[in-house]
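For reference, the structure is listed below as structure tokens.
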Amino acid sequence: MAAGQTAIEAKGVTKQFGAGQDAVKALDNVSVSIRENEFFTLLGPSGCGKTTLLRLIAGFDFPTEGEILLYGEDIAPLPPFKRPVNTVFQSYALFPHMTVAQNIGFGLEMLGKPKSEIDARVTTMLRLVRMEELANRRTSQISGGQQQRVALARALAPQPKVLLLDEPLSALDAKLRKDMQIELKRLQNETGITFIFVTHDQEEALTMSDRIAVMSKGKILQIGSPRDVYDRPSVRFVANFIGETNFLEGEAAGIEGSFARVKLNGGATIAAGLPEGLKPEGRVTVVVRPEHADLVAASAPADLRGTLDNIVYFGTDTHYYVRLDGGQTFIIRQQNAHGAGAGWAVGNAVGVALEPESARLVRD
């Protein structure tokens, strides 16, 4: 992704529904800058505020406090139809009595564009979503995945500066969802339009995004690239929500540069990376992803030690469940290369070797 200027900026945005004791803050002092030509994802569980933020950008609702800026201009006074922003919803809201081409051109007709311009733009959009052969088919006669492409083409046809996508893949089956994840990223790259995508699906976010904002209870907890939020979570919620992880409890035993020494409950002492600004004291939590540790023999050098409790084969990889000294379970995930995992048996005394810099301290 080419670095660009800020396309959308939320500054201190709060959205409150109701008043008095019944008041609910859907967004609580949220600030975020989204770049031009960026695939930006708002990720979080239901009720975290991600769709509310999308609605404020679209103009379907207004902030209780704060500002929404488009290329530096406050867009609060503009109604939705005057904002250079389009939205693709979970329900595609296509016109079943119209053809694919007519659906794509409908928004341009409402904008009063000349027929020659509409025809040319529809042709371009059909080519972009690879549906030229279905141009004259009614949308009631095409598949769910094809309907999703039509909805995207219709939203992209007026060439908005920003495209908002509110969980548009949720109605598709698993295989089609994976196909459309790749398709959406291709469309974003080819059009150069800023995409703001809302989802509760961590795999969708990791697959498509340039950056991800992880949200919970109306707040943004962490913003970063997929690799940042996965490998370097700064908050326990982020580590737990995205992917599988091991949580180790212990006591802070000192700081050495950008690492903390942590004495774990089982007695071992390890080094854990520090999130920016965190100065740990007392009880702390360390996270380690299962694929960032190796199972080794009890006699080999290791960071942790324990007993192999369970082995679960998943085809592409195997999960090893180790009962650490101190009683905690630690999961190791290893790829099933030829011959890998041979010789391990439940009940074996084993060691756990952590990859360098794989352990991270997180805020609770």
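A note on labels: chains of the structure tokens are A, B, ... as shown, every chain counts residues from 1, and ligands are counted from 1 in their shown order.
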Next on the checklist: I'd like to know which residues of segment 222-335 of chain A are alpha helix (DSSP H) (by DSSP, run on the backbone); could you write them as a PyMOL selection string?
Outcome noted: chain A and resi 226-231+236-241
Atoms kept (N, CA, C and O atoms) for selection, written as a PDB file, in the first residue's frame:
```pdb
ATOM      1  N   PRO A 226      -1.643  -6.276  10.470  1.00  0.00           N
ATOM      2  CA  PRO A 226      -2.019  -7.614  10.940  1.00  0.00           C
ATOM      3  C   PRO A 226      -0.906  -8.301  11.731  1.00  0.00           C
ATOM      4  O   PRO A 226      -1.165  -8.933  12.766  1.00  0.00           O
ATOM      5  N   ARG A 227       0.324  -8.154  11.267  1.00  0.00           N
ATOM      6  CA  ARG A 227       1.443  -8.774  11.984  1.00  0.00           C
ATOM      7  C   ARG A 227       1.644  -8.139  13.354  1.00  0.00           C
ATOM      8  O   ARG A 227       1.940  -8.828  14.343  1.00  0.00           O
ATOM      9  N   ASP A 228       1.471  -6.818  13.438  1.00  0.00           N
ATOM     10  CA  ASP A 228       1.626  -6.129  14.723  1.00  0.00           C
ATOM     11  C   ASP A 228       0.624  -6.631  15.754  1.00  0.00           C
ATOM     12  O   ASP A 228       0.998  -6.988  16.877  1.00  0.00           O
ATOM     13  N   VAL A 229      -0.660  -6.631  15.374  1.00  0.00           N
ATOM     14  CA  VAL A 229      -1.677  -6.972  16.375  1.00  0.00           C
ATOM     15  C   VAL A 229      -1.648  -8.466  16.708  1.00  0.00           C
ATOM     16  O   VAL A 229      -2.054  -8.859  17.801  1.00  0.00           O
ATOM     17  N   TYR A 230      -1.147  -9.288  15.785  1.00  0.00           N
ATOM     18  CA  TYR A 230      -1.067 -10.723  16.068  1.00  0.00           C
ATOM     19  C   TYR A 230       0.186 -11.063  16.871  1.00  0.00           C
ATOM     20  O   TYR A 230       0.110 -11.729  17.909  1.00  0.00           O
ATOM     21  N   ASP A 231       1.339 -10.610  16.399  1.00  0.00           N
ATOM     22  CA  ASP A 231       2.601 -10.983  17.041  1.00  0.00           C
ATOM     23  C   ASP A 231       2.956 -10.086  18.229  1.00  0.00           C
ATOM     24  O   ASP A 231       3.707 -10.498  19.111  1.00  0.00           O
ATOM     25  N   ARG A 236      -4.372  -7.586  26.870  1.00  0.00           N
ATOM     26  CA  ARG A 236      -4.805  -8.978  27.011  1.00  0.00           C
ATOM     27  C   ARG A 236      -5.990  -9.296  26.100  1.00  0.00           C
ATOM     28  O   ARG A 236      -6.040 -10.366  25.477  1.00  0.00           O
ATOM     29  N   PHE A 237      -6.960  -8.378  25.996  1.00  0.00           N
ATOM     30  CA  PHE A 237      -8.130  -8.623  25.154  1.00  0.00           C
ATOM     31  C   PHE A 237      -7.727  -8.867  23.704  1.00  0.00           C
ATOM     32  O   PHE A 237      -8.264  -9.759  23.040  1.00  0.00           O
ATOM     33  N   VAL A 238      -6.776  -8.078  23.190  1.00  0.00           N
ATOM     34  CA  VAL A 238      -6.333  -8.218  21.796  1.00  0.00           C
ATOM     35  C   VAL A 238      -5.675  -9.571  21.590  1.00  0.00           C
ATOM     36  O   VAL A 238      -5.956 -10.281  20.612  1.00  0.00           O
ATOM     37  N   ALA A 239      -4.808  -9.969  22.507  1.00  0.00           N
ATOM     38  CA  ALA A 239      -4.128 -11.267  22.399  1.00  0.00           C
ATOM     39  C   ALA A 239      -5.119 -12.415  22.429  1.00  0.00           C
ATOM     40  O   ALA A 239      -4.962 -13.418  21.723  1.00  0.00           O
ATOM     41  N   ASN A 240      -6.171 -12.272  23.219  1.00  0.00           N
ATOM     42  CA  ASN A 240      -7.151 -13.342  23.372  1.00  0.00           C
ATOM     43  C   ASN A 240      -8.136 -13.383  22.210  1.00  0.00           C
ATOM     44  O   ASN A 240      -8.553 -14.453  21.781  1.00  0.00           O
ATOM     45  N   PHE A 241      -8.492 -12.199  21.670  1.00  0.00           N
ATOM     46  CA  PHE A 241      -9.509 -12.131  20.623  1.00  0.00           C
ATOM     47  C   PHE A 241      -8.959 -12.567  19.267  1.00  0.00           C
ATOM     48  O   PHE A 241      -9.670 -13.176  18.461  1.00  0.00           O
TER      49      PHE A 241
END
```
So that I can check the surroundings of Met98 of chain A, please list as a compact mmCIF listing (two decimals) with N, CA and C atoms, in the first residue's frame every protein, DNA and RNA residue that reaches within 10 Å of it, counting only C-alpha atoms and ignoring chain neighbours fewer than 4 positions away.
```txt
# COMPACT_ATOMS: atom_id res chain seq x y z
N LEU A 94 -30.26 -5.31 -3.38
CA LEU A 94 -30.33 -5.20 -4.83
C LEU A 94 -31.80 -5.19 -5.28
N GLN A 102 -28.31 -2.89 -14.77
CA GLN A 102 -29.22 -1.84 -14.31
C GLN A 102 -28.99 -1.52 -12.83
N ASN A 103 -28.73 -2.56 -12.03
CA ASN A 103 -28.43 -2.33 -10.61
C ASN A 103 -27.16 -1.50 -10.45
N ILE A 104 -26.14 -1.84 -11.23
CA ILE A 104 -24.86 -1.12 -11.12
C ILE A 104 -25.03 0.34 -11.53
N PHE A 106 -27.77 2.16 -11.36
CA PHE A 106 -28.88 2.86 -10.73
C PHE A 106 -28.43 4.13 -9.98
N ASN A 136 -26.89 -8.95 -18.31
CA ASN A 136 -28.33 -8.88 -18.57
C ASN A 136 -29.15 -9.87 -17.76
N ARG A 137 -28.50 -10.54 -16.79
CA ARG A 137 -29.20 -11.46 -15.91
C ARG A 137 -29.82 -10.69 -14.74
N ARG A 138 -31.03 -11.02 -14.36
CA ARG A 138 -31.63 -10.39 -13.20
C ARG A 138 -30.91 -10.84 -11.93
N THR A 139 -30.83 -9.95 -10.94
CA THR A 139 -30.08 -10.29 -9.72
C THR A 139 -30.77 -11.37 -8.91
N SER A 140 -32.05 -11.61 -9.15
CA SER A 140 -32.75 -12.71 -8.48
C SER A 140 -32.36 -14.06 -9.07
```
Nearby residues (only C-alpha atoms) at most 6 Å from segment 287-290 of chain A, same-chain spacing under 6 positions excluded, as a compact mmCIF listing (two decimals) with all heavy atoms, in the first residue's frame:
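Result saved to result-v5.txt:
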```
# COMPACT_ATOMS: atom_id res chain seq x y z
N THR A 245 -3.71 -18.26 21.95
CA THR A 245 -2.50 -17.84 22.65
C THR A 245 -2.41 -18.50 24.01
O THR A 245 -3.40 -18.98 24.56
CB THR A 245 -2.44 -16.30 22.80
OG1 THR A 245 -1.12 -15.90 23.12
CG2 THR A 245 -3.41 -15.80 23.85
N ASN A 246 -1.19 -18.52 24.53
CA ASN A 246 -0.94 -18.99 25.89
C ASN A 246 -0.76 -17.79 26.81
O ASN A 246 -0.02 -16.86 26.48
CB ASN A 246 0.34 -19.84 25.94
CG ASN A 246 0.21 -21.14 25.16
OD1 ASN A 246 -0.54 -22.03 25.53
ND2 ASN A 246 0.97 -21.25 24.07
N PHE A 247 -1.42 -17.82 27.96
CA PHE A 247 -1.26 -16.77 28.96
C PHE A 247 -0.49 -17.33 30.14
O PHE A 247 -0.89 -18.35 30.73
CB PHE A 247 -2.63 -16.25 29.43
CG PHE A 247 -3.39 -15.50 28.37
CD1 PHE A 247 -4.32 -16.15 27.58
CD2 PHE A 247 -3.15 -14.16 28.15
CE1 PHE A 247 -5.02 -15.47 26.61
CE2 PHE A 247 -3.84 -13.46 27.17
CZ PHE A 247 -4.78 -14.11 26.39
N ILE A 331 0.02 -24.71 25.25
CA ILE A 331 -0.23 -25.36 23.96
C ILE A 331 0.89 -25.02 22.99
O ILE A 331 1.28 -23.85 22.85
CB ILE A 331 -1.58 -24.91 23.36
CG1 ILE A 331 -2.72 -25.20 24.34
CG2 ILE A 331 -1.84 -25.62 22.03
CD1 ILE A 331 -4.05 -24.62 23.91
N ILE A 332 1.40 -26.05 22.30
CA ILE A 332 2.40 -25.87 21.25
C ILE A 332 1.79 -26.37 19.95
O ILE A 332 1.22 -27.46 19.89
CB ILE A 332 3.68 -26.67 21.56
CG1 ILE A 332 4.31 -26.16 22.86
CG2 ILE A 332 4.68 -26.58 20.41
CD1 ILE A 332 5.44 -27.03 23.37
N ARG A 333 1.90 -25.55 18.90
CA ARG A 333 1.38 -25.95 17.59
C ARG A 333 2.56 -26.10 16.63
O ARG A 333 3.32 -25.17 16.41
CB ARG A 333 0.40 -24.90 17.06
CG ARG A 333 -0.20 -25.28 15.71
CD ARG A 333 -1.43 -24.45 15.36
NE ARG A 333 -1.15 -23.03 15.29
CZ ARG A 333 -1.83 -22.10 15.97
NH1 ARG A 333 -2.81 -22.45 16.77
NH2 ARG A 333 -1.53 -20.83 15.84
N ALA A 359 7.81 -14.04 23.55
CA ALA A 359 7.00 -13.75 24.73
C ALA A 359 6.78 -12.25 24.83
O ALA A 359 7.69 -11.45 24.62
CB ALA A 359 7.70 -14.26 25.99
N ARG A 360 5.52 -11.85 25.14
CA ARG A 360 5.15 -10.44 25.22
C ARG A 360 4.36 -10.19 26.51
O ARG A 360 3.45 -10.93 26.84
CB ARG A 360 4.27 -10.05 24.04
CG ARG A 360 4.94 -10.15 22.68
CD ARG A 360 5.78 -8.93 22.38
NE ARG A 360 5.01 -7.69 22.38
CZ ARG A 360 5.54 -6.49 22.27
NH1 ARG A 360 6.85 -6.35 22.12
NH2 ARG A 360 4.79 -5.40 22.28
```
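Restricting the calculation to only C-alpha atoms, the smallest distance between Ser209 of chain A and any of A:Ile142, A:Ile223, A:Ala297, A:Ala337 is found for A:Ile223.
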Checklist entry - Which residue out of A:Ile118, A:Ala101, A:Lys15, A:Val162 has the minimum interatomic distance to Glu133 of chain A when only C-alpha atoms are used? => result A:Ala101
Checklist entry - So which bits of segment 129-235 of chain A end up strand (DSSP E) when you DSSP the backbone, as a PyMOL selection string? => result chain A and resi 162-166+194-199+211-216+219-224
Prev. selection, N, CA and C atoms, output as a short mmCIF file (atom, residue, chain, number, x, y, z; two decimals), in the first residue's frame:
```cif
data_model
loop_
_atom_site.label_atom_id
_atom_site.label_comp_id
_atom_site.auth_asym_id
_atom_site.auth_seq_id
_atom_site.Cartn_x
_atom_site.Cartn_y
_atom_site.Cartn_z
N VAL A 162 -14.32 7.06 -0.32
CA VAL A 162 -14.23 6.05 0.74
C VAL A 162 -15.37 5.06 0.55
N LEU A 163 -15.06 3.76 0.68
CA LEU A 163 -16.08 2.72 0.63
C LEU A 163 -16.16 2.06 2.00
N LEU A 164 -17.38 2.05 2.57
CA LEU A 164 -17.62 1.45 3.87
C LEU A 164 -18.26 0.08 3.67
N LEU A 165 -17.76 -0.93 4.36
CA LEU A 165 -18.26 -2.30 4.19
C LEU A 165 -18.62 -2.87 5.55
N ASP A 166 -19.93 -3.06 5.78
CA ASP A 166 -20.43 -3.52 7.08
C ASP A 166 -20.70 -5.02 7.03
N THR A 194 -10.13 4.13 -0.59
CA THR A 194 -10.00 3.75 0.81
C THR A 194 -11.17 2.86 1.20
N PHE A 195 -10.87 1.65 1.70
CA PHE A 195 -11.89 0.73 2.18
C PHE A 195 -11.86 0.72 3.71
N ILE A 196 -13.03 0.88 4.34
CA ILE A 196 -13.16 0.71 5.79
C ILE A 196 -14.11 -0.45 6.00
N PHE A 197 -13.58 -1.51 6.56
CA PHE A 197 -14.26 -2.81 6.63
C PHE A 197 -14.58 -3.14 8.08
N VAL A 198 -15.81 -3.52 8.35
CA VAL A 198 -16.23 -3.91 9.70
C VAL A 198 -16.43 -5.42 9.74
N THR A 199 -15.85 -6.07 10.75
CA THR A 199 -16.03 -7.52 10.89
C THR A 199 -15.77 -7.94 12.33
N ARG A 211 -4.17 -2.23 7.86
CA ARG A 211 -4.12 -2.01 9.31
C ARG A 211 -5.45 -2.43 9.92
N ILE A 212 -5.38 -2.76 11.21
CA ILE A 212 -6.56 -3.22 11.95
C ILE A 212 -6.68 -2.39 13.22
N ALA A 213 -7.91 -1.96 13.53
CA ALA A 213 -8.21 -1.37 14.83
C ALA A 213 -9.05 -2.37 15.60
N VAL A 214 -8.53 -2.86 16.72
CA VAL A 214 -9.27 -3.81 17.55
C VAL A 214 -10.07 -3.02 18.57
N MET A 215 -11.40 -3.27 18.61
CA MET A 215 -12.29 -2.51 19.46
C MET A 215 -12.95 -3.39 20.53
N SER A 216 -13.25 -2.76 21.67
CA SER A 216 -14.01 -3.42 22.73
C SER A 216 -14.69 -2.35 23.57
N LYS A 219 -14.30 1.41 22.70
CA LYS A 219 -12.95 1.97 22.63
C LYS A 219 -12.09 1.21 21.63
N ILE A 220 -11.10 1.90 21.05
CA ILE A 220 -10.07 1.25 20.24
C ILE A 220 -8.91 0.89 21.16
N LEU A 221 -8.61 -0.40 21.25
CA LEU A 221 -7.57 -0.88 22.16
C LEU A 221 -6.19 -0.90 21.52
N GLN A 222 -6.13 -1.19 20.20
CA GLN A 222 -4.83 -1.26 19.52
C GLN A 222 -5.05 -1.09 18.03
N ILE A 223 -4.15 -0.36 17.39
CA ILE A 223 -4.16 -0.19 15.94
C ILE A 223 -2.79 -0.61 15.41
N GLY A 224 -2.78 -1.41 14.36
CA GLY A 224 -1.51 -1.81 13.76
C GLY A 224 -1.72 -2.70 12.56
#
```
Checklist entry - Counting only C-alpha atoms, what is within 10 Å of Asn37 of chain A, bar same-chain residues fewer than 5 positions away, as an MDAnalysis selection string? => result chainID A and resid 1:7 161:162 188:189 191:195 210
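Residues in contact range of Gly254 of chain A, defined as at most 10 Å between only C-alpha atoms, with sequence neighbours fewer than 6 positions away removed, read Ala260, Arg261, Val262, Lys263, Ala271, Lys279, Pro280 and Glu281 of chain A.
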Item to check | Non-local contacts of segment 291-293 of chain A (12 Å; only C-alpha atoms; under 5 positions in same chain excluded) as a PyMOL selection string | outcome: chain A and resi 230-231+243-246+302-304+317-322+330-335+351-360
What does the file look like for those residues with N, CA and C atoms, as a short mmCIF file (atom, residue, chain, number, x, y, z; two decimals), in the first residue's frame?
```cif
data_model
loop_
_atom_site.label_atom_id
_atom_site.label_comp_id
_atom_site.auth_asym_id
_atom_site.auth_seq_id
_atom_site.Cartn_x
_atom_site.Cartn_y
_atom_site.Cartn_z
N TYR A 230 -1.15 -9.29 15.78
CA TYR A 230 -1.07 -10.72 16.07
C TYR A 230 0.19 -11.06 16.87
N ASP A 231 1.34 -10.61 16.40
CA ASP A 231 2.60 -10.98 17.04
C ASP A 231 2.96 -10.09 18.23
N GLY A 243 -6.69 -14.92 17.30
CA GLY A 243 -5.89 -16.14 17.31
C GLY A 243 -5.88 -16.82 18.66
N GLU A 244 -5.13 -17.92 18.71
CA GLU A 244 -4.99 -18.71 19.94
C GLU A 244 -3.71 -18.28 20.63
N THR A 245 -3.71 -18.26 21.95
CA THR A 245 -2.50 -17.84 22.65
C THR A 245 -2.41 -18.50 24.01
N ASN A 246 -1.19 -18.52 24.53
CA ASN A 246 -0.94 -18.99 25.89
C ASN A 246 -0.76 -17.79 26.81
N ALA A 302 15.78 -25.65 27.74
CA ALA A 302 14.39 -25.24 27.56
C ALA A 302 14.07 -24.08 28.50
N ASP A 303 13.08 -23.29 28.12
CA ASP A 303 12.63 -22.17 28.95
C ASP A 303 11.62 -22.61 30.00
N LEU A 304 10.81 -23.62 29.65
CA LEU A 304 9.77 -24.13 30.54
C LEU A 304 9.84 -25.65 30.56
N ASP A 317 -1.29 -29.56 11.04
CA ASP A 317 -0.42 -29.39 12.21
C ASP A 317 -0.94 -30.25 13.37
N THR A 318 -0.13 -30.29 14.42
CA THR A 318 -0.48 -31.04 15.63
C THR A 318 -0.37 -30.11 16.83
N HIS A 319 -1.32 -30.22 17.75
CA HIS A 319 -1.29 -29.43 18.99
C HIS A 319 -0.83 -30.34 20.13
N TYR A 320 0.17 -29.87 20.85
CA TYR A 320 0.69 -30.58 22.01
C TYR A 320 0.31 -29.80 23.27
N TYR A 321 -0.35 -30.46 24.20
CA TYR A 321 -0.79 -29.82 25.45
C TYR A 321 0.17 -30.24 26.56
N VAL A 322 0.89 -29.27 27.09
CA VAL A 322 1.90 -29.54 28.12
C VAL A 322 1.41 -28.99 29.45
N PHE A 330 0.04 -25.39 28.67
CA PHE A 330 0.68 -24.61 27.61
C PHE A 330 0.51 -25.38 26.30
N ILE A 331 0.02 -24.71 25.25
CA ILE A 331 -0.23 -25.36 23.96
C ILE A 331 0.89 -25.02 22.99
N ILE A 332 1.40 -26.05 22.30
CA ILE A 332 2.40 -25.87 21.25
C ILE A 332 1.79 -26.37 19.95
N ARG A 333 1.90 -25.55 18.90
CA ARG A 333 1.38 -25.95 17.59
C ARG A 333 2.56 -26.10 16.63
N GLN A 334 2.70 -27.32 16.06
CA GLN A 334 3.81 -27.59 15.15
C GLN A 334 3.28 -28.14 13.82
N GLN A 335 3.88 -27.66 12.73
CA GLN A 335 3.50 -28.13 11.40
C GLN A 335 3.85 -29.61 11.25
N GLY A 351 10.38 -30.47 27.58
CA GLY A 351 10.74 -29.07 27.73
C GLY A 351 10.02 -28.24 26.68
N VAL A 352 9.87 -26.96 26.95
CA VAL A 352 9.29 -26.00 25.99
C VAL A 352 10.32 -24.92 25.72
N ALA A 353 10.76 -24.85 24.46
CA ALA A 353 11.74 -23.84 24.06
C ALA A 353 11.01 -22.71 23.34
N LEU A 354 11.08 -21.49 23.86
CA LEU A 354 10.41 -20.34 23.26
C LEU A 354 11.29 -19.72 22.19
N GLU A 355 10.70 -19.35 21.08
CA GLU A 355 11.44 -18.65 20.05
C GLU A 355 11.89 -17.28 20.59
N PRO A 356 13.05 -16.78 20.13
CA PRO A 356 13.52 -15.47 20.60
C PRO A 356 12.47 -14.39 20.39
N GLU A 357 12.28 -13.57 21.42
CA GLU A 357 11.37 -12.41 21.37
C GLU A 357 9.91 -12.79 21.13
N SER A 358 9.55 -14.04 21.40
CA SER A 358 8.16 -14.46 21.17
C SER A 358 7.25 -14.16 22.35
N ALA A 359 7.81 -14.04 23.55
CA ALA A 359 7.00 -13.75 24.73
C ALA A 359 6.78 -12.25 24.83
N ARG A 360 5.52 -11.85 25.14
CA ARG A 360 5.15 -10.44 25.22
C ARG A 360 4.36 -10.19 26.51
#
```
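The space between atom CA of Leu295 of chain A and atom CA of Glu249 of chain A spans 20.2 Å.
Remark: for Gly145 of chain A, the closest of the candidate residues A:Gln159, A:Ser258, A:Gln181, A:Thr52 is A:Gln181 (distances computed over only C-alpha atoms).
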Item to check | Spatial neighbours of Ile8 of chain A, max dist 9 Å, only C-alpha atoms, sep filter under 2 positions, as an NGL selection string | outcome: :A and (6 or 10 or 32-36 or 57 or 68-72 or 162 or 194)
Once you have the residues from the selection above, write them out as a short mmCIF file (atom, residue, chain, number, x, y, z; two decimals), in the first residue's frame, restricted to N, CA, C and O atoms.
```cif
data_model
loop_
_atom_site.label_atom_id
_atom_site.label_comp_id
_atom_site.auth_asym_id
_atom_site.auth_seq_id
_atom_site.Cartn_x
_atom_site.Cartn_y
_atom_site.Cartn_z
N THR A 6 -4.25 11.56 5.06
CA THR A 6 -5.36 11.05 5.85
C THR A 6 -6.66 11.25 5.08
O THR A 6 -6.99 12.36 4.65
N ALA A 10 -11.34 10.46 12.79
CA ALA A 10 -12.27 10.64 13.90
C ALA A 10 -11.48 11.27 15.04
O ALA A 10 -10.41 10.78 15.41
N VAL A 32 -9.06 8.13 15.56
CA VAL A 32 -8.34 7.26 14.62
C VAL A 32 -8.17 8.01 13.30
O VAL A 32 -9.04 8.78 12.89
N SER A 33 -7.03 7.81 12.65
CA SER A 33 -6.76 8.36 11.33
C SER A 33 -6.63 7.22 10.33
O SER A 33 -5.85 6.28 10.55
N ILE A 34 -7.39 7.29 9.24
CA ILE A 34 -7.39 6.25 8.21
C ILE A 34 -6.84 6.86 6.93
O ILE A 34 -7.32 7.90 6.47
N ARG A 35 -5.83 6.22 6.36
CA ARG A 35 -5.10 6.81 5.25
C ARG A 35 -5.79 6.61 3.90
O ARG A 35 -6.57 5.68 3.72
N GLU A 36 -5.45 7.49 2.99
CA GLU A 36 -5.91 7.34 1.62
C GLU A 36 -5.36 6.04 1.04
O GLU A 36 -4.23 5.64 1.32
N ILE A 57 -19.50 7.83 10.01
CA ILE A 57 -18.76 8.22 8.81
C ILE A 57 -19.70 8.34 7.62
O ILE A 57 -19.60 9.26 6.80
N ILE A 68 -15.89 14.13 12.77
CA ILE A 68 -15.52 13.22 11.70
C ILE A 68 -15.05 14.09 10.53
O ILE A 68 -15.81 14.92 10.01
N LEU A 69 -13.79 13.91 10.12
CA LEU A 69 -13.21 14.72 9.05
C LEU A 69 -12.95 13.86 7.83
O LEU A 69 -12.48 12.72 7.94
N LEU A 70 -13.25 14.40 6.65
CA LEU A 70 -12.92 13.78 5.37
C LEU A 70 -11.91 14.68 4.67
O LEU A 70 -12.24 15.82 4.32
N TYR A 71 -10.70 14.18 4.53
CA TYR A 71 -9.60 14.97 3.96
C TYR A 71 -9.52 16.33 4.64
O TYR A 71 -9.36 17.38 4.01
N GLY A 72 -9.65 16.32 5.98
CA GLY A 72 -9.49 17.53 6.78
C GLY A 72 -10.72 18.39 6.92
O GLY A 72 -10.71 19.36 7.69
N VAL A 162 -14.32 7.06 -0.32
CA VAL A 162 -14.23 6.05 0.74
C VAL A 162 -15.37 5.06 0.55
O VAL A 162 -16.51 5.46 0.30
N THR A 194 -10.13 4.13 -0.59
CA THR A 194 -10.00 3.75 0.81
C THR A 194 -11.17 2.86 1.20
O THR A 194 -12.33 3.23 1.03
#
```
Next on the checklist: Considering only C-alpha atoms, can you say which of A:Lys113, A:Asn86, A:Val24, A:Arg130 comes closest to Pro160 of chain A?
Outcome noted: A:Asn86
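Across A:Gly144, A:Gly49, A:Gly327, A:Pro114, the tightest approach to Leu308 of chain A is made by A:Gly327 when counting only C-alpha atoms.
Checking A:Leu361, A:Ala58, A:Ile311, A:Ala26 one by one against Arg232 of chain A, counting only C-alpha atoms, you find the shortest gap at A:Leu361.
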